[in-house]
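> So that you have it, the file is query.cif, and it contains mmCIF, C-alpha atoms:
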data_my_file
#
loop_
_atom_site.group_PDB
_atom_site.id
_atom_site.type_symbol
_atom_site.label_atom_id
_atom_site.label_comp_id
_atom_site.auth_asym_id
_atom_site.auth_seq_id
_atom_site.Cartn_x
_atom_site.Cartn_y
_atom_site.Cartn_z
ATOM 1 C CA MET A 1 1.939 -39.055 69.873
ATOM 2 C CA PRO A 2 5.427 -37.474 70.161
ATOM 3 C CA SER A 3 6.552 -35.543 67.085
ATOM 4 C CA SER A 4 9.461 -36.539 64.846
ATOM 5 C CA HIS A 5 11.364 -33.587 66.320
ATOM 6 C CA HIS A 6 10.754 -34.909 69.843
ATOM 7 C CA GLN A 7 11.690 -38.484 68.953
ATOM 8 C CA GLY A 8 14.758 -37.408 66.999
ATOM 9 C CA LEU A 9 16.197 -35.660 70.049
ATOM 10 C CA ILE A 10 15.574 -38.702 72.235
ATOM 11 C CA TRP A 11 17.190 -41.028 69.683
ATOM 12 C CA ILE A 12 20.382 -38.963 69.727
ATOM 13 C CA PHE A 13 20.886 -39.609 73.444
ATOM 14 C CA ARG A 14 19.615 -43.171 73.238
ATOM 15 C CA ASP A 15 22.181 -43.963 70.541
ATOM 16 C CA HIS A 16 24.973 -41.978 72.195
ATOM 17 C CA PRO A 17 24.256 -41.605 75.946
ATOM 18 C CA ARG A 18 27.770 -40.370 76.685
ATOM 19 C CA LEU A 19 26.854 -37.079 74.958
ATOM 20 C CA ALA A 20 24.248 -36.206 77.591
ATOM 21 C CA PHE A 21 26.815 -36.379 80.398
ATOM 22 C CA GLU A 22 29.346 -34.442 78.326
ATOM 23 C CA LEU A 23 26.795 -31.628 77.992
ATOM 24 C CA LEU A 24 26.356 -31.472 81.768
ATOM 25 C CA GLU A 25 30.032 -30.596 82.069
ATOM 26 C CA SER A 26 30.616 -28.481 78.966
ATOM 27 C CA ILE A 27 27.436 -26.373 79.009
ATOM 28 C CA PHE A 28 26.193 -26.375 82.600
ATOM 29 C CA GLY A 29 29.496 -26.684 84.456
ATOM 30 C CA VAL A 30 28.405 -29.739 86.457
ATOM 31 C CA ALA A 31 31.437 -31.383 88.052
ATOM 32 C CA LEU A 32 31.417 -35.109 87.297
ATOM 33 C CA PRO A 33 33.943 -37.841 88.073
ATOM 34 C CA SER A 34 35.551 -39.716 85.203
ATOM 35 C CA LEU A 35 32.683 -41.858 83.881
ATOM 36 C CA THR A 36 32.280 -45.015 81.828
ATOM 37 C CA ALA A 37 29.606 -47.667 81.053
ATOM 38 C CA PHE A 38 26.944 -45.231 79.833
ATOM 39 C CA THR A 39 23.640 -47.104 79.935
ATOM 40 C CA GLU A 40 19.967 -46.491 79.243
ATOM 41 C CA ARG A 41 17.811 -47.283 82.280
ATOM 42 C CA ARG A 42 14.401 -47.386 80.636
ATOM 43 C CA GLY A 43 13.045 -50.081 82.925
ATOM 44 C CA GLU A 44 13.643 -48.368 86.265
ATOM 45 C CA LEU A 45 10.556 -46.148 86.331
ATOM 46 C CA ASP A 46 8.326 -48.355 84.182
ATOM 47 C CA ARG A 47 7.957 -50.508 87.296
ATOM 48 C CA PHE A 48 5.877 -47.766 88.937
ATOM 49 C CA ILE A 49 2.669 -48.325 86.966
ATOM 50 C CA PRO A 50 -0.517 -46.319 87.627
ATOM 51 C CA CYS A 51 -2.930 -47.906 90.088
ATOM 52 C CA LEU A 52 -6.050 -47.181 92.122
ATOM 53 C CA GLY A 53 -7.605 -45.112 89.369
ATOM 54 C CA ASP A 54 -4.534 -42.945 88.767
ATOM 55 C CA THR A 55 -4.243 -42.570 84.995
ATOM 56 C CA GLY A 56 -0.958 -40.695 85.077
ATOM 57 C CA GLU A 57 2.202 -42.286 83.714
ATOM 58 C CA LEU A 58 5.580 -42.326 85.389
ATOM 59 C CA ARG A 59 7.438 -42.611 82.144
ATOM 60 C CA PRO A 60 10.136 -40.026 81.420
ATOM 61 C CA ASP A 61 11.446 -39.664 77.902
ATOM 62 C CA LEU A 62 14.831 -41.129 78.796
ATOM 63 C CA ALA A 63 16.752 -42.262 81.868
ATOM 64 C CA LEU A 64 20.524 -42.792 81.733
ATOM 65 C CA SER A 65 23.277 -43.841 84.098
ATOM 66 C CA ALA A 66 27.061 -44.002 84.104
ATOM 67 C CA GLU A 67 29.620 -45.673 86.355
ATOM 68 C CA VAL A 68 32.797 -44.185 87.751
ATOM 69 C CA ALA A 69 35.849 -45.141 85.732
ATOM 70 C CA HIS A 70 38.076 -45.202 88.830
ATOM 71 C CA PRO A 71 36.097 -46.173 91.976
ATOM 72 C CA ARG A 72 38.861 -44.903 94.228
ATOM 73 C CA ASP A 73 38.297 -41.360 92.944
ATOM 74 C CA ALA A 74 34.532 -41.199 93.621
ATOM 75 C CA SER A 75 31.985 -43.207 95.577
ATOM 76 C CA GLU A 76 29.235 -43.305 92.962
ATOM 77 C CA GLY A 77 28.454 -42.790 89.298
ATOM 78 C CA ALA A 78 25.815 -40.455 87.907
ATOM 79 C CA ALA A 79 22.243 -40.606 86.670
ATOM 80 C CA LEU A 80 20.396 -38.342 84.269
ATOM 81 C CA LEU A 81 16.819 -37.813 83.143
ATOM 82 C CA VAL A 82 16.263 -36.348 79.672
ATOM 83 C CA GLU A 83 12.879 -34.747 79.055
ATOM 84 C CA VAL A 84 11.799 -33.125 75.774
ATOM 85 C CA GLN A 85 8.776 -30.834 75.978
ATOM 86 C CA GLY A 86 6.749 -29.168 73.231
ATOM 87 C CA ARG A 87 4.165 -27.283 75.299
ATOM 88 C CA VAL A 88 3.714 -25.672 78.684
ATOM 89 C CA ASP A 89 2.346 -28.287 81.080
ATOM 90 C CA ARG A 90 1.615 -27.312 84.685
ATOM 91 C CA HIS A 91 1.400 -30.975 85.711
ATOM 92 C CA LYS A 92 4.841 -31.728 84.262
ATOM 93 C CA ARG A 93 6.341 -29.145 86.620
ATOM 94 C CA PHE A 94 5.611 -31.480 89.543
ATOM 95 C CA ARG A 95 5.923 -34.832 87.801
ATOM 96 C CA LEU A 96 9.503 -34.084 86.734
ATOM 97 C CA TRP A 97 10.571 -34.180 90.350
ATOM 98 C CA VAL A 98 8.746 -37.457 90.926
ATOM 99 C CA TYR A 99 10.840 -38.896 88.079
ATOM 100 C CA TRP A 100 13.960 -37.387 89.619
ATOM 101 C CA ALA A 101 13.308 -38.703 93.139
ATOM 102 C CA LEU A 102 12.407 -42.209 91.989
ATOM 103 C CA LEU A 103 15.435 -42.576 89.718
ATOM 104 C CA ALA A 104 17.788 -41.219 92.375
ATOM 105 C CA GLU A 105 16.336 -43.670 94.921
ATOM 106 C CA ARG A 106 16.455 -46.629 92.538
ATOM 107 C CA LEU A 107 20.048 -46.045 91.437
ATOM 108 C CA GLU A 108 21.331 -44.422 94.647
ATOM 109 C CA ARG A 109 23.344 -41.743 92.935
ATOM 110 C CA ALA A 110 23.268 -38.025 92.240
ATOM 111 C CA THR A 111 20.684 -37.397 89.507
ATOM 112 C CA SER A 112 20.274 -34.441 87.142
ATOM 113 C CA VAL A 113 17.407 -33.415 84.857
ATOM 114 C CA LEU A 114 18.221 -32.239 81.324
ATOM 115 C CA PHE A 115 15.193 -30.439 79.877
ATOM 116 C CA ILE A 116 15.017 -29.707 76.133
ATOM 117 C CA PRO A 117 12.189 -27.366 75.066
ATOM 118 C CA LEU A 118 11.019 -27.466 71.450
ATOM 119 C CA ASN A 119 10.256 -23.741 71.290
ATOM 120 C CA ASP A 120 11.082 -20.461 73.006
ATOM 121 C CA THR A 121 7.788 -20.301 74.919
ATOM 122 C CA VAL A 122 8.462 -23.603 76.660
ATOM 123 C CA ALA A 123 12.079 -22.575 77.263
ATOM 124 C CA ARG A 124 10.995 -19.407 79.101
ATOM 125 C CA TRP A 125 8.491 -21.409 81.150
ATOM 126 C CA ALA A 126 11.074 -24.043 82.075
ATOM 127 C CA ARG A 127 13.609 -21.452 83.173
ATOM 128 C CA SER A 128 11.015 -19.777 85.401
ATOM 129 C CA LEU A 129 10.059 -22.924 87.309
ATOM 130 C CA GLY A 130 12.766 -22.467 89.913
ATOM 131 C CA GLN A 131 11.222 -19.177 91.026
ATOM 132 C CA LEU A 132 7.960 -20.964 91.840
ATOM 133 C CA GLU A 133 9.623 -23.157 94.461
ATOM 134 C CA ARG A 134 9.921 -22.194 98.127
ATOM 135 C CA PRO A 135 12.667 -21.190 98.541
ATOM 136 C CA PRO A 136 13.446 -20.353 94.898
ATOM 137 C CA ARG A 137 16.069 -22.611 93.347
ATOM 138 C CA GLU A 138 17.507 -23.589 90.009
ATOM 139 C CA ALA A 139 15.043 -26.273 89.001
ATOM 140 C CA LEU A 140 16.148 -27.617 85.638
ATOM 141 C CA LEU A 141 19.123 -27.761 83.290
ATOM 142 C CA VAL A 142 17.435 -26.239 80.236
ATOM 143 C CA LEU A 143 19.161 -26.891 76.904
ATOM 144 C CA ASP A 144 17.982 -24.652 74.063
ATOM 145 C CA ARG A 145 19.290 -22.257 71.440
ATOM 146 C CA GLN A 146 20.481 -19.855 74.141
ATOM 147 C CA ASN A 147 23.212 -22.198 75.363
ATOM 148 C CA MET A 148 23.594 -25.018 72.795
ATOM 149 C CA PRO A 149 26.672 -24.240 70.675
ATOM 150 C CA ARG A 150 26.155 -23.754 66.947
ATOM 151 C CA VAL A 151 28.117 -26.413 65.064
ATOM 152 C CA VAL A 152 29.088 -24.854 61.734
ATOM 153 C CA SER A 153 32.171 -26.939 60.917
ATOM 154 C CA ASP A 154 31.960 -30.146 58.900
ATOM 155 C CA THR A 155 35.249 -31.176 60.507
ATOM 156 C CA VAL A 156 33.679 -30.973 63.962
ATOM 157 C CA ALA A 157 30.574 -32.760 62.653
ATOM 158 C CA ARG A 158 32.631 -35.650 61.291
ATOM 159 C CA ALA A 159 34.374 -36.036 64.647
ATOM 160 C CA ARG A 160 31.189 -35.588 66.708
ATOM 161 C CA PRO A 161 28.189 -36.336 64.466
ATOM 162 C CA HIS A 162 25.634 -36.738 67.273
ATOM 163 C CA TYR A 163 26.684 -33.403 68.747
ATOM 164 C CA ALA A 164 26.320 -31.718 65.353
ATOM 165 C CA ILE A 165 22.894 -33.264 64.744
ATOM 166 C CA LEU A 166 21.730 -32.159 68.200
ATOM 167 C CA SER A 167 22.866 -28.623 67.406
ATOM 168 C CA ALA A 168 20.988 -28.752 64.097
ATOM 169 C CA MET A 169 17.836 -30.084 65.784
ATOM 170 C CA ILE A 170 17.838 -27.182 68.227
ATOM 171 C CA HIS A 171 18.946 -24.308 65.990
ATOM 172 C CA GLY A 172 17.414 -25.580 62.752
ATOM 173 C CA ALA A 173 13.946 -25.312 64.296
ATOM 174 C CA HIS A 174 14.508 -21.558 64.288
ATOM 175 C CA GLY A 175 15.662 -21.395 60.666
ATOM 176 C CA ASP A 176 19.429 -21.448 61.254
ATOM 177 C CA GLU A 177 20.485 -22.568 57.781
ATOM 178 C CA GLU A 178 24.215 -22.933 58.411
ATOM 179 C CA VAL A 179 23.833 -25.212 61.434
ATOM 180 C CA PHE A 180 21.045 -27.193 59.785
ATOM 181 C CA MET A 181 23.117 -27.966 56.690
ATOM 182 C CA VAL A 182 26.093 -29.167 58.739
ATOM 183 C CA GLY A 183 23.823 -31.404 60.810
ATOM 184 C CA MET A 184 22.044 -32.797 57.759
ATOM 185 C CA ARG A 185 25.342 -33.693 56.105
ATOM 186 C CA ALA A 186 26.393 -35.441 59.322
ATOM 187 C CA ALA A 187 23.125 -37.404 59.390
ATOM 188 C CA LEU A 188 23.412 -38.487 55.759
ATOM 189 C CA ALA A 189 26.974 -39.693 56.389
ATOM 190 C CA PHE A 190 25.758 -42.568 58.577
ATOM 191 C CA ALA A 191 25.732 -45.915 56.784
ATOM 192 C CA ASP A 192 23.105 -47.620 58.962
ATOM 193 C CA GLN A 193 19.502 -46.936 59.986
ATOM 194 C CA ARG A 194 20.563 -43.793 61.855
ATOM 195 C CA ARG A 195 20.889 -42.059 58.459
ATOM 196 C CA TRP A 196 17.173 -42.011 57.703
ATOM 197 C CA ARG A 197 16.117 -41.729 61.336
ATOM 198 C CA TYR A 198 18.159 -38.575 61.942
ATOM 199 C CA ALA A 199 17.679 -37.073 58.478
ATOM 200 C CA SER A 200 13.894 -37.352 58.566
ATOM 201 C CA SER A 201 13.776 -35.957 62.105
ATOM 202 C CA LEU A 202 15.955 -33.042 61.050
ATOM 203 C CA ALA A 203 13.732 -32.273 58.069
ATOM 204 C CA SER A 204 10.711 -32.217 60.365
ATOM 205 C CA VAL A 205 12.116 -29.409 62.536
ATOM 206 C CA LEU A 206 12.292 -26.867 59.731
ATOM 207 C CA PRO A 207 9.819 -23.986 59.793
ATOM 208 C CA HIS A 208 7.455 -24.399 56.831
ATOM 209 C CA GLU A 209 8.661 -21.225 55.130
ATOM 210 C CA ASP A 210 12.311 -22.366 55.277
ATOM 211 C CA ARG A 211 11.911 -25.996 54.275
ATOM 212 C CA ALA A 212 11.893 -25.665 50.471
ATOM 213 C CA ARG A 213 14.817 -23.228 50.491
ATOM 214 C CA LEU A 214 17.025 -25.289 52.792
ATOM 215 C CA ILE A 215 16.237 -28.636 51.177
ATOM 216 C CA GLY A 216 16.939 -27.012 47.820
ATOM 217 C CA ALA A 217 20.437 -26.119 49.023
ATOM 218 C CA LEU A 218 21.330 -29.808 49.317
ATOM 219 C CA THR A 219 23.056 -31.567 46.446
ATOM 220 C CA MET A 220 20.933 -33.719 44.150
ATOM 221 C CA GLN A 221 22.337 -36.861 45.778
ATOM 222 C CA GLN A 222 21.613 -35.516 49.266
ATOM 223 C CA ARG A 223 18.038 -34.600 48.280
ATOM 224 C CA TYR A 224 17.543 -38.124 46.963
ATOM 225 C CA GLU A 225 18.911 -39.614 50.191
ATOM 226 C CA LEU A 226 16.654 -37.349 52.257
ATOM 227 C CA THR A 227 13.603 -38.378 50.225
ATOM 228 C CA GLU A 228 14.495 -42.013 50.847
ATOM 229 C CA ALA A 229 15.048 -41.242 54.524
ATOM 230 C CA GLU A 230 11.612 -39.661 54.896
ATOM 231 C CA ARG A 231 9.951 -42.503 52.997
ATOM 232 C CA LYS A 232 11.605 -45.121 55.179
ATOM 233 C CA SER A 233 10.890 -43.133 58.317
ATOM 234 C CA GLY A 234 7.169 -43.003 57.565
ATOM 235 C CA ALA A 235 7.110 -46.710 56.867
ATOM 236 C CA PHE A 236 9.155 -47.368 59.984
ATOM 237 C CA HIS A 237 6.804 -45.492 62.319
ATOM 238 C CA ASP A 238 3.796 -47.305 60.874
ATOM 239 C CA GLY A 239 5.671 -50.555 61.298
ATOM 240 C CA HIS A 240 6.737 -49.743 64.821
ATOM 241 C CA LEU A 241 3.083 -49.540 65.841
ATOM 242 C CA GLU A 242 1.830 -52.531 63.871
ATOM 243 C CA GLY A 243 4.884 -54.576 63.123
ATOM 244 C CA LEU A 244 4.784 -56.768 66.205
ATOM 245 C CA ASN A 245 1.756 -58.520 64.698
ATOM 246 C CA LEU A 246 2.064 -57.849 60.970
ATOM 247 C CA GLY A 247 4.864 -58.222 58.469
ATOM 248 C CA LEU A 248 3.208 -56.969 55.313
ATOM 249 C CA SER A 249 5.824 -54.556 53.991
ATOM 250 C CA GLN A 250 9.391 -53.413 54.380
ATOM 251 C CA GLY A 251 8.305 -50.661 56.759
ATOM 252 C CA LEU A 252 6.308 -53.011 58.941
ATOM 253 C CA ALA A 253 9.196 -55.454 59.007
ATOM 254 C CA GLN A 254 11.499 -52.651 60.151
ATOM 255 C CA GLY A 255 9.033 -51.752 62.870
ATOM 256 C CA LYS A 256 8.899 -55.351 64.014
ATOM 257 C CA LEU A 257 12.689 -55.469 64.217
ATOM 258 C CA GLU A 258 12.862 -52.264 66.231
ATOM 259 C CA GLY A 259 10.090 -53.485 68.502
ATOM 260 C CA ALA A 260 12.116 -56.628 69.213
ATOM 261 C CA ARG A 261 15.243 -54.543 69.856
ATOM 262 C CA GLU A 262 13.377 -52.418 72.395
ATOM 263 C CA VAL A 263 12.008 -55.504 74.157
ATOM 264 C CA LEU A 264 15.526 -56.959 74.337
ATOM 265 C CA ARG A 265 17.078 -53.754 75.670
ATOM 266 C CA THR A 266 14.376 -53.481 78.326
ATOM 267 C CA ILE A 267 14.801 -57.092 79.499
ATOM 268 C CA LEU A 268 18.582 -56.709 79.732
ATOM 269 C CA GLU A 269 18.225 -53.546 81.765
ATOM 270 C CA LEU A 270 15.558 -54.950 84.093
ATOM 271 C CA ARG A 271 17.663 -58.046 84.778
ATOM 272 C CA GLY A 272 20.687 -55.977 85.713
ATOM 273 C CA LEU A 273 22.684 -56.759 82.567
ATOM 274 C CA PRO A 274 23.669 -53.240 81.433
ATOM 275 C CA THR A 275 25.101 -52.939 77.935
ATOM 276 C CA ASP A 276 28.164 -51.089 76.709
ATOM 277 C CA GLU A 277 28.442 -49.171 73.432
ATOM 278 C CA ARG A 278 29.668 -52.217 71.502
ATOM 279 C CA THR A 279 26.723 -54.334 72.673
ATOM 280 C CA ARG A 280 24.219 -51.571 71.885
ATOM 281 C CA ALA A 281 25.641 -51.373 68.366
ATOM 282 C CA ARG A 282 25.387 -55.150 68.017
ATOM 283 C CA ILE A 283 21.703 -55.055 68.957
ATOM 284 C CA ARG A 284 21.004 -52.023 66.765
ATOM 285 C CA ASP A 285 22.697 -53.584 63.733
ATOM 286 C CA CYS A 286 21.009 -56.991 64.022
ATOM 287 C CA THR A 287 18.551 -57.357 61.132
ATOM 288 C CA GLU A 288 17.463 -60.960 61.727
ATOM 289 C CA LEU A 289 14.243 -61.200 63.701
ATOM 290 C CA GLU A 290 14.908 -64.836 64.596
ATOM 291 C CA VAL A 291 18.197 -63.871 66.234
ATOM 292 C CA LEU A 292 16.579 -61.051 68.211
ATOM 293 C CA GLU A 293 13.803 -63.371 69.379
ATOM 294 C CA ARG A 294 16.383 -65.947 70.475
ATOM 295 C CA TRP A 295 18.274 -63.293 72.413
ATOM 296 C CA ILE A 296 15.026 -62.165 74.068
ATOM 297 C CA ALA A 297 14.275 -65.721 75.201
ATOM 298 C CA GLN A 298 17.830 -66.195 76.500
ATOM 299 C CA ALA A 299 17.900 -62.813 78.244
ATOM 300 C CA LYS A 300 14.939 -63.775 80.431
ATOM 301 C CA THR A 301 17.021 -66.344 82.322
ATOM 302 C CA ALA A 302 20.668 -65.628 81.466
ATOM 303 C CA SER A 303 23.069 -64.876 84.290
ATOM 304 C CA SER A 304 25.424 -62.844 82.107
ATOM 305 C CA LEU A 305 25.378 -60.691 78.990
ATOM 306 C CA ASP A 306 27.450 -63.262 77.096
ATOM 307 C CA ARG A 307 24.855 -65.960 77.788
ATOM 308 C CA ALA A 308 21.995 -63.641 76.842
ATOM 309 C CA LEU A 309 23.479 -62.783 73.458
ATOM 310 C CA GLY A 310 25.246 -66.077 72.798
#
For the structure just supplied, provide its representation as structure tokens.

Amino acid sequence: MPSSHHQGLIWIFRDHPRLAFELLESIFGVALPSLTAFTERRGELDRFIPCLGDTGELRPDLALSAEVAHPRDASEGAALLVEVQGRVDRHKRFRLWVYWALLAERLERATSVLFIPLNDTVARWARSLGQLERPPREALLVLDRQNMPRVVSDTVARARPHYAILSAMIHGAHGDEEVFMVGMRAALAFADQRRWRYASSLASVLPHEDRARLIGALTMQQRYELTEAERKSGAFHDGHLEGLNLGLSQGLAQGKLEGAREVLRTILELRGLPTDERTRARIRDCTELEVLERWIAQAKTASSLDRALG
């Protein structure tokens, strides 16, 4: 099962997909046209299910797309795969490019791969993969503590909270106290479920020897909020696994809600009804299971997003 660190990184880009494309430009110097309509494309590769005894999955961590803001300036948008990896995996070296080729073919646009290693060993391995190809080439866009900027300003974090939390996820795993504290304050500033989701994921990245010291540097109110975040996160993950069939506690109910949200997002994407940031927020903030279930039923046959979520 993916770790909280792994899932926390994916949630950042799932909640704020624009950030992933911004990083392509600001960190890796990838030239992109002016983009809009940033969308998760989770259903594209799920269609390629294993068969004929093949037990492998074609399921990347995250697939994203964006459209050109001004079609006259460019012929196509962009696509991006995000893959988080915690260990060296010789099979993943080849499977990554299966993901890449399938997504590029499905969406018919230039596709990049953003690879986020959870430790230095995996980072070194990922950066060496290009030399194994014939001829050698730059294989992956590797985002780690070598190139991810350290966000140490609360002003920057307030303006770009997801960026600050990403920085804290990457640098905090190596005991960077200053970056971690800025990211944690940004996480605790959210007023919705992102507060406990990000805060608990951030706490999980800390090296064991640094955890007590860094958590102790929080204010009493922040420590209380973090404790609540971790409690809710544990209940949420239990509920996410069991909540589609059980509703026995607050955590299980939360899991059931999030399960319904994921089903809805997948149906919308598969039916070619991509969502904008406002619609994603509407789905994320819906706390009535009956409403989500109604939207799911409508989305299966609706011809437009308005009809699906009416």
> Contacts of Ala79 (chain A) at 8 Å or less, counting only C-alpha atoms, minus same-chain residues fewer than 2 places along, as a list in words?
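Contacts, with the query itself left out: Ala63, Leu64, Ser65, Ala66, Gly77, Leu81, Leu103, Ala104, Leu107, Arg109, Ala110, Thr111 and Ser112 of chain A.
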> Would you mind reading off the distance between CA of Gly183 (chain A) and CA of Ser153 (chain A), one decimal, in Å?
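Spanning CA of Gly183 (chain A) to CA of Ser153 (chain A) is a straight-line distance of 9.5 Å.
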> Take CA of Arg87 (chain A) and CA of Val151 (chain A) and report the distance between them in Å, one decimal.
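It comes out at 26.1 Å.
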> Check the smallest atom-to-atom distance from each of A:Leu289, A:Leu202, A:Leu273, A:Leu140 to Ser304 (chain A) using all atoms listed in the file, then report the winner.
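Under the stated criterion, the closest residue is A:Leu273.
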> Please, what distance in Å, to one decimal, runs between CA of Phe21 (chain A) and CA of Leu188 (chain A)?
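Rounded to one decimal, the two atoms are 25.0 Å apart.
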> For Asp120 (chain A), find every residue with an atom within 12 Å (counting all atoms listed in the file), except residues of its own chain fewer than 6 positions away, and show them as a PyMOL selection string.
chain A and resi 85-88+126-127+142-146+170-171+173-174
> For each of A:Arg95, A:Arg158, A:Arg282, A:Arg106, take the minimum atom-to-atom distance to Glu44 (chain A), counting all atoms listed in the file, then give the residue where this is smallest.
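Among A:Arg95, A:Arg158, A:Arg282, A:Arg106, it is A:Arg106 that comes nearest to Glu44 (chain A).
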> Identify all residues satisfying the PyMOL selection byres ((chain A and resi 274) around 9) in the given file; provide them as a list in words.
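Checking the PyMOL selection byres ((chain A and resi 274) around 9) against this file, the residues are Ala37, Phe38, Thr39, Glu40, Arg41, Arg265, Leu268, Glu269, Leu270, Arg271, Gly272, Leu273, Thr275, Asp276 and Leu305 of chain A.
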> Can you pull out every residue within 12 Å of Gln298 (chain A), counting only C-alpha atoms, but drop anything in the same chain fewer than 3 positions away, and send it as a list in words?
Leu264, Ile267, Leu268, Arg271, Val291, Leu292, Glu293, Arg294, Trp295, Thr301, Ala302, Ser303, Ser304, Leu305, Asp306, Arg307, Ala308, Leu309 and Gly310 of chain A
> Give me the result of the PyMOL selection byres ((chain A and resi 6-15) around 7) on this file, residue by residue, as an NGL selection string.
:A and (2-5 or 16-17 or 19-20 or 40 or 84 or 162 or 166 or 198 or 201)
> Find, counting all atoms listed in the file, the residue in A:Leu45, A:Met148, A:Leu118, A:Ala78 that gets nearest to Ser26 (chain A).
A:Met148
